[in-house]
Every structure is written in structure tokens, then in C-alpha cells.
Amino acid sequence: MDEPEAIDAAVAALARGELVAMPTETVYGLAADAANGEAVARIYAAKGRPRFNPLIAHVADFAGAEALVHFDVLSRQIAEAFWPGPLTLVLPRREGAAVSDLVTAGLDTLAIRIPAHPVAHSLLAAFGGPLAAPSANRSGHVSATTAAHVAADLGDAVSVVLDAGPSAVGVESTILKVEGDEIYLLRAGGVPREAIEALTGRAVHVAALGEGQAPTSPGQLLSHYAPGAAVRLDAGDVRPGEGLLAFGQDLPPGSDKAAVIINLSPRGDLVEAAARLFSALRELDGKAETIAVMPIPATGLGEAIADRLKRAAAPRAT
Ligand code: TXA
Ligand code: MG
């Protein structure tokens, strides 16, 4: 199918309340008409989400965002700098905003973003309203960064898959919430914390679970983004039969005994490593029972990489 035809088919499916796999620059999204509660409920069913976690509303442009939420000065400054792009802002929802309560899970705030991917933009512009879209993976699994990942996880639940090749950023959007003069990081992601601090001249606080007034995000659930294999972080060696998730040129002792090695970035580039992370975890998963992960610097995009790996290594929720 040509792209315009594929977009038409996707818009028609969305209008019928069906689900569409939407490529974004971060990861593939499982999109539904955000104003249609039944369609949004299908997202939860398809993902097997155990409960109603709030979803991100995706819009084509600022006018689309203004129709749904109220901006404070600091949030607007951040949005103007990083949209379209891998950034989500949690903002007070406008009264009467055309979004089902299932999207916000009953909260009075809405998470919103303008993605930078041209296919996502075409879809949003053609649809003409907000699309609710979590990552297009089964709940708790690693996010999908290719159309094949979407098909493997969700199969028939998706009416149209817009295949635009591998996601460029590879980790989900950075989620921020501004409260007064304070900026809280709800999820590390595609926009590095340092870039937000440089723009605003303010510290970005990590909103740790249970910390005072700090807002929380279910993406902070500890076991999340989990492959089936066990994950051993900061591995200084490789034990026989383990899969090795490598970074940089100096492989640790025992690497010759690894069942399989995937190097996220032989040249030690964190942007390249983020783009490959979820594909690598999926690939290693089928090939070893334990994945040994080399130390990876936690600066820039490394903060999001470290966050996803920590969750992948956490004891599994049953
Ligand atoms: O890059 C991304 O953000 C991808 C693409 C598809 O846009 N989407 C994504 O969605 O990662 P999802 O549903 O997997 O993660 C959304 C996160 C969840 O952790 C959810 O708890 C949080 O956003 N969230 C949504 N609405 C919120 C709200 N009102 N307040 C706090 N957290 C919220
Ligand atoms: Mg997700």
C-alpha cells in the first residue's frame, strides 16, 4: 500500500473504533480515537493491561494541544522547544476536552505530546482529533520498535499496522510535570534531562514513588519493560551460556563463552544504543536464560537506558 492509501485505511479504522499501530520517533504506539471510550477500552484489552493506567494523547499541532489542556508558562517554554519530539507533558485537562475518561483514568490531568514522526503527523492531521496511544506491546513487555514487534505482541488486535521501519529514538518519550516553579521527571526518555535543565535553567527533579507531593506515573512500576529472560546488570564478566548485552569496545572476561552477544553501540554512542535497546532485549530473550548487561553511562539518553534496564532486571510482578 502507498502511504496515502495506508493513512486513509488507518483513519477509516480509527473512525470505526478500531486500533492502529502508529510509528512514532520513540516507539510504535497502539492508537485509538481518544474521544471514543469503547475504542480506548480496546487498547487495554489488546495490551492485557491489568488496570487502567492513563494514556498519552497524541495531537498533530499546538492548536490540538490547546484544545485539550491548560499550559503554564514553564510547560509552554518546554513544549515550544521540544515539540514535535520525544517529550510528553502532564497538564491540567480542560473542562469538556474531547477525551474519554478512560484515557486519563479519571485524573484531572492529561499526558499529551506532538510526535515528530512524519507518518504519525500525517495520521494525526488526517484523523483530525487526538489519538490515545500507549506503546504497542503487551503489558509489561518491552516496547515495540518495529512493525514485526507489534505483530508478535498484538497480532489480530490491530486493524492497520503503519510500517515505517525501526523507530529512530528507540526509548519512549520523556514525561514531565510542572508544579509551580518545579519540574518533575516522571519518566526518563528521548529528551535528555540535561537538555531540559539547559533550556530552563532549573533542576529537573526525579519524582520517586512515594516522595512527598511528587506526582507519580505508572510507568514507574518497578517491573516493566521486562523480557522473559533474567537480567544481570553492571556485569563485569560473562558466565558460560549467558547472553551478553554489550556497549563499547572492551568486552568483559568470559565473553568468548557467551551464548550470544549483541553490542548496542561498539563505538560507545548512547543515541545509537537507545535506538537498539528494545530490539536487542527481544532478540537476546529467545537465545539465553540470563542476559548479562555491561555497564552503560547514565548520562544523556543513558538515563532512559538505565531506567529501562533497571525495570527489566527487577523481580517480576506475578
Ligand atoms: O514515547 C512514548 O511516550 C510512547 C509513544 C507511543 O508515544 N507512548 C508510551 O505510552 O510510552 P505508555 O502508555 O506506554 O506510557 C505512558 C505513561 C504511563 O507510564 C502513564 O502512567 C503515564 O504515561 N501517564 C499518562 N497520563 C498520566 C497522567 N495524567 N499523570 C501521570 N502520568 C501519566
Ligand atoms: Mg509502555
# chains A, B, ... in the order shown; residues from 1 in each chain; ligands from 1

$ residues_around --residues "Asp285 of chain A" --least-positions-apart "5" --cutoff "10 Å" --atoms "only C-alpha atoms" --output "ChimeraX atom specification"
/A:226-231,243,279-280,290-291

$ write_last_selection --atoms "N, CA and C atoms" --output "PDB file, in the first residue's frame"
ATOM      1  N   ALA A 226       9.809  -5.748  30.681  1.00  0.00           N
ATOM      2  CA  ALA A 226      10.569  -6.939  31.053  1.00  0.00           C
ATOM      3  C   ALA A 226      10.617  -7.977  29.941  1.00  0.00           C
ATOM      4  N   PRO A 227      11.800  -8.470  29.605  1.00  0.00           N
ATOM      5  CA  PRO A 227      11.918  -9.634  28.730  1.00  0.00           C
ATOM      6  C   PRO A 227      11.635 -10.889  29.559  1.00  0.00           C
ATOM      7  N   GLY A 228      11.539 -12.053  28.927  1.00  0.00           N
ATOM      8  CA  GLY A 228      11.319 -13.294  29.667  1.00  0.00           C
ATOM      9  C   GLY A 228      12.566 -13.748  30.411  1.00  0.00           C
ATOM     10  N   ALA A 229      13.731 -13.466  29.857  1.00  0.00           N
ATOM     11  CA  ALA A 229      14.995 -13.888  30.471  1.00  0.00           C
ATOM     12  C   ALA A 229      15.291 -13.068  31.726  1.00  0.00           C
ATOM     13  N   ALA A 230      16.115 -13.639  32.629  1.00  0.00           N
ATOM     14  CA  ALA A 230      16.615 -12.870  33.768  1.00  0.00           C
ATOM     15  C   ALA A 230      17.638 -11.857  33.252  1.00  0.00           C
ATOM     16  N   VAL A 231      17.777 -10.748  33.954  1.00  0.00           N
ATOM     17  CA  VAL A 231      18.694  -9.693  33.511  1.00  0.00           C
ATOM     18  C   VAL A 231      19.669  -9.388  34.644  1.00  0.00           C
ATOM     19  N   GLY A 243      23.639 -14.616  27.659  1.00  0.00           N
ATOM     20  CA  GLY A 243      23.662 -13.678  26.543  1.00  0.00           C
ATOM     21  C   GLY A 243      24.311 -12.400  27.031  1.00  0.00           C
ATOM     22  N   SER A 279      14.980  -3.860  20.639  1.00  0.00           N
ATOM     23  CA  SER A 279      15.189  -4.953  19.681  1.00  0.00           C
ATOM     24  C   SER A 279      16.191  -5.942  20.230  1.00  0.00           C
ATOM     25  N   ALA A 280      17.256  -5.417  20.845  1.00  0.00           N
ATOM     26  CA  ALA A 280      18.302  -6.288  21.385  1.00  0.00           C
ATOM     27  C   ALA A 280      17.753  -7.159  22.507  1.00  0.00           C
ATOM     28  N   THR A 290      19.723 -16.027  30.833  1.00  0.00           N
ATOM     29  CA  THR A 290      20.119 -14.817  31.555  1.00  0.00           C
ATOM     30  C   THR A 290      20.851 -13.887  30.595  1.00  0.00           C
ATOM     31  N   ILE A 291      20.526 -12.609  30.717  1.00  0.00           N
ATOM     32  CA  ILE A 291      21.195 -11.590  29.913  1.00  0.00           C
ATOM     33  C   ILE A 291      22.120 -10.799  30.835  1.00  0.00           C
TER      34      ILE A 291
END

$ residues_around --residues "segment 145-161 of chain A" --least-positions-apart "4" --cutoff "10 Å" --atoms "only C-alpha atoms" --output "JSON, numbers by chain"
{"A": [6, 7, 9, 10, 11, 12, 13, 14, 18, 19, 20, 21, 22, 23, 24, 25, 26, 27, 28, 29, 30, 31, 42, 43, 45, 46, 47, 48, 135, 136, 137, 138, 139, 141, 165, 166, 167, 168, 169, 170, 171, 172, 275, 276, 277, 278, 279, 282]}

$ write_last_selection --atoms "N, CA and C atoms" --output "short mmCIF file (atom, residue, chain, number, x, y, z; two decimals), in the first residue's frame"
data_model
loop_
_atom_site.label_atom_id
_atom_site.label_comp_id
_atom_site.auth_asym_id
_atom_site.auth_seq_id
_atom_site.Cartn_x
_atom_site.Cartn_y
_atom_site.Cartn_z
N ALA A 6 -2.56 3.97 2.82
CA ALA A 6 -2.44 3.36 4.14
C ALA A 6 -2.99 4.30 5.20
N ILE A 7 -2.71 5.59 5.05
CA ILE A 7 -3.25 6.57 6.01
C ILE A 7 -4.77 6.59 5.93
N ALA A 9 -6.76 4.17 5.05
CA ALA A 9 -7.26 2.93 5.66
C ALA A 9 -7.19 3.04 7.19
N ALA A 10 -6.10 3.64 7.68
CA ALA A 10 -5.94 3.77 9.14
C ALA A 10 -6.99 4.73 9.71
N VAL A 11 -7.23 5.84 9.03
CA VAL A 11 -8.24 6.80 9.51
C VAL A 11 -9.62 6.14 9.54
N ALA A 12 -9.93 5.36 8.50
CA ALA A 12 -11.24 4.68 8.46
C ALA A 12 -11.35 3.70 9.62
N ALA A 13 -10.29 2.96 9.90
CA ALA A 13 -10.32 2.01 11.01
C ALA A 13 -10.51 2.75 12.34
N LEU A 14 -9.79 3.85 12.53
CA LEU A 14 -9.93 4.63 13.76
C LEU A 14 -11.36 5.14 13.92
N GLU A 18 -11.57 1.10 15.81
CA GLU A 18 -10.56 0.04 15.80
C GLU A 18 -9.17 0.60 16.15
N LEU A 19 -8.21 -0.33 16.28
CA LEU A 19 -6.86 0.04 16.70
C LEU A 19 -5.90 0.07 15.53
N VAL A 20 -4.97 1.02 15.58
CA VAL A 20 -3.97 1.19 14.51
C VAL A 20 -2.59 1.28 15.15
N ALA A 21 -1.62 0.59 14.58
CA ALA A 21 -0.23 0.73 15.05
C ALA A 21 0.39 1.92 14.34
N MET A 22 0.77 2.92 15.16
CA MET A 22 1.27 4.19 14.64
C MET A 22 2.77 4.32 14.92
N PRO A 23 3.58 4.42 13.88
CA PRO A 23 5.01 4.62 14.15
C PRO A 23 5.25 6.01 14.72
N THR A 24 6.05 6.10 15.76
CA THR A 24 6.49 7.42 16.21
C THR A 24 8.01 7.38 16.29
N GLU A 25 8.64 8.50 16.53
CA GLU A 25 10.10 8.52 16.58
C GLU A 25 10.64 7.79 17.81
N THR A 26 9.78 7.61 18.84
CA THR A 26 10.26 6.92 20.05
C THR A 26 10.06 5.41 19.91
N VAL A 27 8.81 4.97 19.92
CA VAL A 27 8.45 3.56 19.77
C VAL A 27 7.13 3.53 18.99
N TYR A 28 6.67 2.34 18.58
CA TYR A 28 5.36 2.23 17.93
C TYR A 28 4.26 2.40 18.98
N GLY A 29 3.21 3.14 18.61
CA GLY A 29 2.08 3.33 19.50
C GLY A 29 0.88 2.51 19.04
N LEU A 30 0.04 2.10 20.02
CA LEU A 30 -1.21 1.39 19.71
C LEU A 30 -2.32 2.43 19.82
N ALA A 31 -2.76 2.95 18.67
CA ALA A 31 -3.58 4.16 18.67
C ALA A 31 -5.07 3.86 18.54
N ARG A 42 -10.57 -0.92 24.08
CA ARG A 42 -9.93 -1.97 23.27
C ARG A 42 -8.41 -1.95 23.42
N ILE A 43 -7.85 -0.78 23.65
CA ILE A 43 -6.39 -0.70 23.86
C ILE A 43 -6.01 -1.51 25.10
N ALA A 45 -7.65 -3.90 26.52
CA ALA A 45 -7.88 -5.34 26.30
C ALA A 45 -6.76 -5.94 25.45
N ALA A 46 -6.37 -5.22 24.38
CA ALA A 46 -5.36 -5.77 23.47
C ALA A 46 -4.00 -5.91 24.17
N LYS A 47 -3.67 -4.95 25.01
CA LYS A 47 -2.38 -4.98 25.70
C LYS A 47 -2.39 -5.93 26.90
N GLY A 48 -3.59 -6.26 27.37
CA GLY A 48 -3.67 -7.02 28.62
C GLY A 48 -3.21 -6.17 29.79
N SER A 135 2.51 2.46 24.23
CA SER A 135 3.44 1.69 23.41
C SER A 135 2.73 0.40 22.96
N ALA A 136 3.05 -0.03 21.72
CA ALA A 136 2.30 -1.13 21.09
C ALA A 136 2.90 -2.49 21.43
N ASN A 137 2.96 -2.76 22.73
CA ASN A 137 3.48 -4.05 23.21
C ASN A 137 2.45 -4.63 24.18
N ARG A 138 2.59 -5.94 24.47
CA ARG A 138 1.76 -6.49 25.54
C ARG A 138 2.22 -5.88 26.86
N SER A 139 1.27 -5.70 27.78
CA SER A 139 1.56 -5.03 29.04
C SER A 139 2.76 -5.68 29.75
N HIS A 141 5.75 -6.00 28.80
CA HIS A 141 6.79 -6.47 27.90
C HIS A 141 7.61 -5.25 27.42
N GLY A 165 9.45 1.17 9.36
CA GLY A 165 10.81 0.77 9.70
C GLY A 165 11.09 0.97 11.18
N PRO A 166 12.33 0.72 11.61
CA PRO A 166 12.67 0.81 13.04
C PRO A 166 12.54 2.24 13.58
N SER A 167 12.08 2.36 14.83
CA SER A 167 11.95 3.68 15.47
C SER A 167 13.33 4.30 15.66
N ALA A 168 13.43 5.60 15.37
CA ALA A 168 14.75 6.25 15.39
C ALA A 168 15.29 6.44 16.81
N VAL A 169 14.43 6.84 17.75
CA VAL A 169 14.92 7.12 19.11
C VAL A 169 15.02 5.83 19.92
N GLY A 170 13.99 5.00 19.88
CA GLY A 170 14.08 3.66 20.46
C GLY A 170 13.70 3.54 21.92
N VAL A 171 13.66 4.63 22.67
CA VAL A 171 13.08 4.61 24.02
C VAL A 171 11.91 5.59 24.03
N GLU A 172 10.98 5.41 24.99
CA GLU A 172 9.77 6.21 24.99
C GLU A 172 10.08 7.67 25.31
N ALA A 275 18.47 3.48 20.48
CA ALA A 275 17.70 3.06 19.31
C ALA A 275 17.67 1.55 19.18
N ARG A 276 18.70 0.86 19.68
CA ARG A 276 18.77 -0.60 19.51
C ARG A 276 18.30 -1.37 20.74
N LEU A 277 18.05 -0.69 21.85
CA LEU A 277 17.86 -1.38 23.13
C LEU A 277 16.75 -2.43 23.11
N PHE A 278 15.53 -2.04 22.72
CA PHE A 278 14.40 -2.97 22.85
C PHE A 278 14.50 -4.13 21.85
N SER A 279 14.98 -3.86 20.64
CA SER A 279 15.19 -4.95 19.68
C SER A 279 16.19 -5.94 20.23
N ARG A 282 14.66 -8.13 22.97
CA ARG A 282 13.78 -9.15 22.39
C ARG A 282 14.59 -10.27 21.75
#

$ residues_around --residues "segment 261-268 of chain A" --least-positions-apart "5" --cutoff "6 Å" --atoms "only C-alpha atoms" --output "list in words"
Gly243, Leu244, Leu245, Ala246, Phe247, Gly248, Gln249, Ala273 and Arg276 of chain A

$ residues_near_ligand --ligand "ligand 1" --cutoff "6 Å" --atoms "only C-alpha atoms and all ligand atoms" --output "list in words"
Thr26, Val27, Tyr28, Gly29, Asn53, Pro54, Leu55, Ile56, Val90, Thr104, Leu107, Thr109, Leu110, Ala111, Ala133, Pro134, Ser135, Glu172, Ser173, Thr216, Ser217, Pro218 and Gly219 of chain A

$ write_last_selection --atoms "C-alpha atoms" --output "JSON list (two decimals), in the first residue's frame"
[["chain", "number", "residue", "atom", "x", "y", "z"],
["A", 26, "THR", "CA", 10.26, 6.92, 20.05],
["A", 27, "VAL", "CA", 8.45, 3.56, 19.77],
["A", 28, "TYR", "CA", 5.36, 2.23, 17.93],
["A", 29, "GLY", "CA", 2.08, 3.33, 19.50],
["A", 53, "ASN", "CA", -3.22, 3.29, 33.58],
["A", 54, "PRO", "CA", -3.65, 6.70, 32.00],
["A", 55, "LEU", "CA", -2.61, 7.02, 28.35],
["A", 56, "ILE", "CA", -0.85, 9.71, 26.35],
["A", 90, "VAL", "CA", 1.27, 16.19, 32.05],
["A", 104, "THR", "CA", -6.96, 9.87, 31.86],
["A", 107, "LEU", "CA", -7.33, 12.02, 36.66],
["A", 109, "THR", "CA", -4.53, 15.89, 34.25],
["A", 110, "LEU", "CA", -3.80, 14.70, 30.72],
["A", 111, "ALA", "CA", -0.47, 13.49, 29.34],
["A", 133, "ALA", "CA", -1.63, 5.59, 22.23],
["A", 134, "PRO", "CA", 0.43, 3.60, 24.68],
["A", 135, "SER", "CA", 3.44, 1.69, 23.41],
["A", 172, "GLU", "CA", 9.77, 6.21, 24.99],
["A", 173, "SER", "CA", 9.20, 9.92, 25.43],
["A", 216, "THR", "CA", 3.74, 9.55, 40.07],
["A", 217, "SER", "CA", 3.38, 7.78, 36.79],
["A", 218, "PRO", "CA", 2.52, 4.09, 36.46],
["A", 219, "GLY", "CA", 5.48, 3.85, 34.06]]

$ residues_around --residues "Leu89 of chain A" --least-positions-apart "6" --cutoff "8 Å" --atoms "only C-alpha atoms" --output "PyMOL selection string"
chain A and resi 75+79+111-113+175-177

$ write_last_selection --atoms "N, CA, C and O atoms" --output "PDB file, in the first residue's frame"
ATOM      1  N   SER A  75       5.777  25.094  31.231  1.00  0.00           N
ATOM      2  CA  SER A  75       5.423  23.971  30.347  1.00  0.00           C
ATOM      3  C   SER A  75       5.396  24.425  28.889  1.00  0.00           C
ATOM      4  O   SER A  75       5.842  23.707  27.997  1.00  0.00           O
ATOM      5  N   ALA A  79       7.540  22.944  25.866  1.00  0.00           N
ATOM      6  CA  ALA A  79       6.839  22.400  24.692  1.00  0.00           C
ATOM      7  C   ALA A  79       7.324  23.082  23.416  1.00  0.00           C
ATOM      8  O   ALA A  79       7.578  22.428  22.399  1.00  0.00           O
ATOM      9  N   ALA A 111      -1.815  13.568  29.924  1.00  0.00           N
ATOM     10  CA  ALA A 111      -0.475  13.490  29.338  1.00  0.00           C
ATOM     11  C   ALA A 111      -0.614  13.698  27.835  1.00  0.00           C
ATOM     12  O   ALA A 111      -1.452  13.068  27.193  1.00  0.00           O
ATOM     13  N   ILE A 112       0.195  14.591  27.278  1.00  0.00           N
ATOM     14  CA  ILE A 112      -0.011  14.973  25.875  1.00  0.00           C
ATOM     15  C   ILE A 112       1.328  15.149  25.173  1.00  0.00           C
ATOM     16  O   ILE A 112       2.308  15.577  25.796  1.00  0.00           O
ATOM     17  N   ARG A 113       1.360  14.762  23.879  1.00  0.00           N
ATOM     18  CA  ARG A 113       2.571  15.045  23.111  1.00  0.00           C
ATOM     19  C   ARG A 113       2.284  15.201  21.629  1.00  0.00           C
ATOM     20  O   ARG A 113       1.300  14.670  21.115  1.00  0.00           O
ATOM     21  N   ILE A 175       8.706  12.058  30.164  1.00  0.00           N
ATOM     22  CA  ILE A 175       7.454  12.607  30.708  1.00  0.00           C
ATOM     23  C   ILE A 175       7.780  13.584  31.830  1.00  0.00           C
ATOM     24  O   ILE A 175       8.476  13.240  32.788  1.00  0.00           O
ATOM     25  N   LEU A 176       7.264  14.811  31.700  1.00  0.00           N
ATOM     26  CA  LEU A 176       7.494  15.868  32.693  1.00  0.00           C
ATOM     27  C   LEU A 176       6.178  16.376  33.235  1.00  0.00           C
ATOM     28  O   LEU A 176       5.166  16.407  32.532  1.00  0.00           O
ATOM     29  N   LYS A 177       6.229  16.829  34.495  1.00  0.00           N
ATOM     30  CA  LYS A 177       5.091  17.546  35.059  1.00  0.00           C
ATOM     31  C   LYS A 177       5.626  18.755  35.802  1.00  0.00           C
ATOM     32  O   LYS A 177       6.531  18.623  36.641  1.00  0.00           O
TER      33      LYS A 177
END

$ select_by_dssp --residues "segment 61-104 of chain A" --states "helix (DSSP H, G or I)" --output "number ranges by chain"
A: 62-66, 73-82, 101-104

$ atom_distance --atom1 "atom CA of Ala41 of chain A" --atom2 "atom CA of Asp101 of chain A"
10.4 Å

$ closest_residue --among "A:Leu91, A:Ala105, A:Val119, A:Ala235" --to "Pro252 of chain A" --atoms "only C-alpha atoms"
A:Ala235

$ select_by_dssp --residues "segment 31-182 of chain A" --states "strand (DSSP E)" --output "list in words"
Ala31, Ala32, Asp33, Ile56, Ala57, His58, Leu87, Thr88, Leu89, Val90, Leu91, Pro92, Thr109, Leu110, Ala111, Ile112, Arg113, Leu131, Ala132, Val160, Val161, Thr174, Ile175, Leu176, Lys177, Val178, Glu179 and Glu182 of chain A

$ residues_around --residues "Leu199 of chain A" --least-positions-apart "3" --cutoff "10 Å" --atoms "only C-alpha atoms" --output "ChimeraX atom specification"
/A:77-78,81-82,194-196,202

$ write_last_selection --atoms "N, CA and C atoms" --output "mmCIF file, in the first residue's frame"
data_model
loop_
_atom_site.group_PDB
_atom_site.id
_atom_site.type_symbol
_atom_site.label_atom_id
_atom_site.label_comp_id
_atom_site.auth_asym_id
_atom_site.auth_seq_id
_atom_site.Cartn_x
_atom_site.Cartn_y
_atom_site.Cartn_z
ATOM 1 N N GLN A 77 7.125 26.887 27.568
ATOM 2 C CA GLN A 77 8.505 27.089 27.111
ATOM 3 C C GLN A 77 9.139 25.747 26.711
ATOM 4 N N ILE A 78 8.901 24.736 27.522
ATOM 5 C CA ILE A 78 9.484 23.411 27.242
ATOM 6 C C ILE A 78 8.852 22.816 25.982
ATOM 7 N N ALA A 81 10.128 24.346 22.809
ATOM 8 C CA ALA A 81 11.494 23.938 22.470
ATOM 9 C C ALA A 81 11.562 22.507 21.939
ATOM 10 N N PHE A 82 10.721 21.615 22.463
ATOM 11 C CA PHE A 82 10.928 20.184 22.161
ATOM 12 C C PHE A 82 9.815 19.521 21.349
ATOM 13 N N GLU A 194 19.326 16.739 30.831
ATOM 14 C CA GLU A 194 20.272 17.857 30.733
ATOM 15 C C GLU A 194 19.768 18.930 29.753
ATOM 16 N N ALA A 195 19.086 18.486 28.685
ATOM 17 C CA ALA A 195 18.602 19.438 27.677
ATOM 18 C C ALA A 195 17.494 20.310 28.267
ATOM 19 N N ILE A 196 16.677 19.722 29.143
ATOM 20 C CA ILE A 196 15.589 20.490 29.767
ATOM 21 C C ILE A 196 16.171 21.457 30.797
ATOM 22 N N ARG A 202 16.722 25.387 35.263
ATOM 23 C CA ARG A 202 16.221 24.821 36.525
ATOM 24 C C ARG A 202 16.590 23.355 36.633
#

$ atom_distance --atom1 "atom CA of Arg49 of chain A" --atom2 "atom CA of Ala32 of chain A"
15.2 Å

$ closest_residue --among "A:Leu251, A:Ala207, A:Ala288, A:Ala188" --to "Gly302 of chain A" --atoms "only C-alpha atoms"
A:Ala188

$ closest_residue --among "A:Val142, A:Tyr184, A:Asp237, A:Ala304" --to "ligand 2" --atoms "only C-alpha atoms and all ligand atoms"
A:Val142

$ closest_residue --among "A:Arg94, A:Arg76, A:Arg187, A:His117" --to "ligand 2" --atoms "only C-alpha atoms and all ligand atoms"
A:Arg187

$ atom_distance --atom1 "atom CA of Trp83 of chain A" --atom2 "atom CA of Pro192 of chain A"
13.9 Å

$ residues_around --residues "Gly236 of chain A" --least-positions-apart "4" --cutoff "10 Å" --atoms "only C-alpha atoms" --output "list in words"
Leu251, Pro252, Pro253, Gly254, Ala292, Val293, Met294 and Pro295 of chain A

$ write_last_selection --atoms "all heavy atoms" --output "PDB file, in the first residue's frame"
ATOM      1  N   LEU A 251      35.102  -5.756  25.687  1.00  0.00           N
ATOM      2  CA  LEU A 251      34.179  -6.755  26.220  1.00  0.00           C
ATOM      3  C   LEU A 251      34.765  -7.380  27.484  1.00  0.00           C
ATOM      4  O   LEU A 251      35.972  -7.543  27.605  1.00  0.00           O
ATOM      5  CB  LEU A 251      33.901  -7.828  25.168  1.00  0.00           C
ATOM      6  CG  LEU A 251      33.272  -7.315  23.866  1.00  0.00           C
ATOM      7  CD1 LEU A 251      32.793  -8.490  23.019  1.00  0.00           C
ATOM      8  CD2 LEU A 251      32.112  -6.363  24.123  1.00  0.00           C
ATOM      9  N   PRO A 252      33.902  -7.742  28.455  1.00  0.00           N
ATOM     10  CA  PRO A 252      34.378  -8.267  29.735  1.00  0.00           C
ATOM     11  C   PRO A 252      34.895  -9.701  29.602  1.00  0.00           C
ATOM     12  O   PRO A 252      34.581 -10.389  28.621  1.00  0.00           O
ATOM     13  CB  PRO A 252      33.127  -8.223  30.617  1.00  0.00           C
ATOM     14  CG  PRO A 252      31.985  -8.248  29.676  1.00  0.00           C
ATOM     15  CD  PRO A 252      32.437  -7.598  28.406  1.00  0.00           C
ATOM     16  N   PRO A 253      35.675 -10.164  30.612  1.00  0.00           N
ATOM     17  CA  PRO A 253      36.165 -11.535  30.607  1.00  0.00           C
ATOM     18  C   PRO A 253      34.998 -12.525  30.534  1.00  0.00           C
ATOM     19  O   PRO A 253      33.936 -12.260  31.100  1.00  0.00           O
ATOM     20  CB  PRO A 253      36.895 -11.683  31.952  1.00  0.00           C
ATOM     21  CG  PRO A 253      36.888 -10.362  32.607  1.00  0.00           C
ATOM     22  CD  PRO A 253      36.092  -9.403  31.786  1.00  0.00           C
ATOM     23  N   GLY A 254      35.205 -13.624  29.832  1.00  0.00           N
ATOM     24  CA  GLY A 254      34.161 -14.644  29.698  1.00  0.00           C
ATOM     25  C   GLY A 254      33.300 -14.433  28.466  1.00  0.00           C
ATOM     26  O   GLY A 254      32.452 -15.264  28.146  1.00  0.00           O
ATOM     27  N   ALA A 292      23.426 -10.845  30.569  1.00  0.00           N
ATOM     28  CA  ALA A 292      24.392 -10.032  31.306  1.00  0.00           C
ATOM     29  C   ALA A 292      24.523  -8.699  30.587  1.00  0.00           C
ATOM     30  O   ALA A 292      24.708  -8.658  29.368  1.00  0.00           O
ATOM     31  CB  ALA A 292      25.743 -10.746  31.360  1.00  0.00           C
ATOM     32  N   VAL A 293      24.399  -7.613  31.346  1.00  0.00           N
ATOM     33  CA  VAL A 293      24.423  -6.282  30.738  1.00  0.00           C
ATOM     34  C   VAL A 293      25.683  -5.541  31.180  1.00  0.00           C
ATOM     35  O   VAL A 293      25.911  -5.371  32.389  1.00  0.00           O
ATOM     36  CB  VAL A 293      23.179  -5.463  31.150  1.00  0.00           C
ATOM     37  CG1 VAL A 293      23.192  -4.088  30.481  1.00  0.00           C
ATOM     38  CG2 VAL A 293      21.895  -6.211  30.815  1.00  0.00           C
ATOM     39  N   MET A 294      26.511  -5.118  30.248  1.00  0.00           N
ATOM     40  CA  MET A 294      27.704  -4.342  30.596  1.00  0.00           C
ATOM     41  C   MET A 294      27.304  -2.981  31.180  1.00  0.00           C
ATOM     42  O   MET A 294      26.222  -2.479  30.896  1.00  0.00           O
ATOM     43  CB  MET A 294      28.568  -4.110  29.343  1.00  0.00           C
ATOM     44  CG  MET A 294      29.370  -5.339  28.925  1.00  0.00           C
ATOM     45  SD  MET A 294      30.303  -5.035  27.395  1.00  0.00           S
ATOM     46  CE  MET A 294      31.438  -3.733  27.903  1.00  0.00           C
ATOM     47  N   PRO A 295      28.185  -2.368  31.970  1.00  0.00           N
ATOM     48  CA  PRO A 295      27.875  -1.028  32.479  1.00  0.00           C
ATOM     49  C   PRO A 295      27.717  -0.044  31.311  1.00  0.00           C
ATOM     50  O   PRO A 295      28.461  -0.118  30.342  1.00  0.00           O
ATOM     51  CB  PRO A 295      29.110  -0.666  33.315  1.00  0.00           C
ATOM     52  CG  PRO A 295      29.814  -1.957  33.572  1.00  0.00           C
ATOM     53  CD  PRO A 295      29.484  -2.870  32.433  1.00  0.00           C
TER      54      PRO A 295
END

$ closest_residue --among "A:Gly189, A:Arg232, A:Leu102, A:Asp33" --to "ligand 2" --atoms "only C-alpha atoms and all ligand atoms"
A:Gly189

$ closest_residue --among "A:Leu301, A:Leu123, A:Leu131, A:Ala259" --to "Asp8 of chain A" --atoms "only C-alpha atoms"
A:Leu123
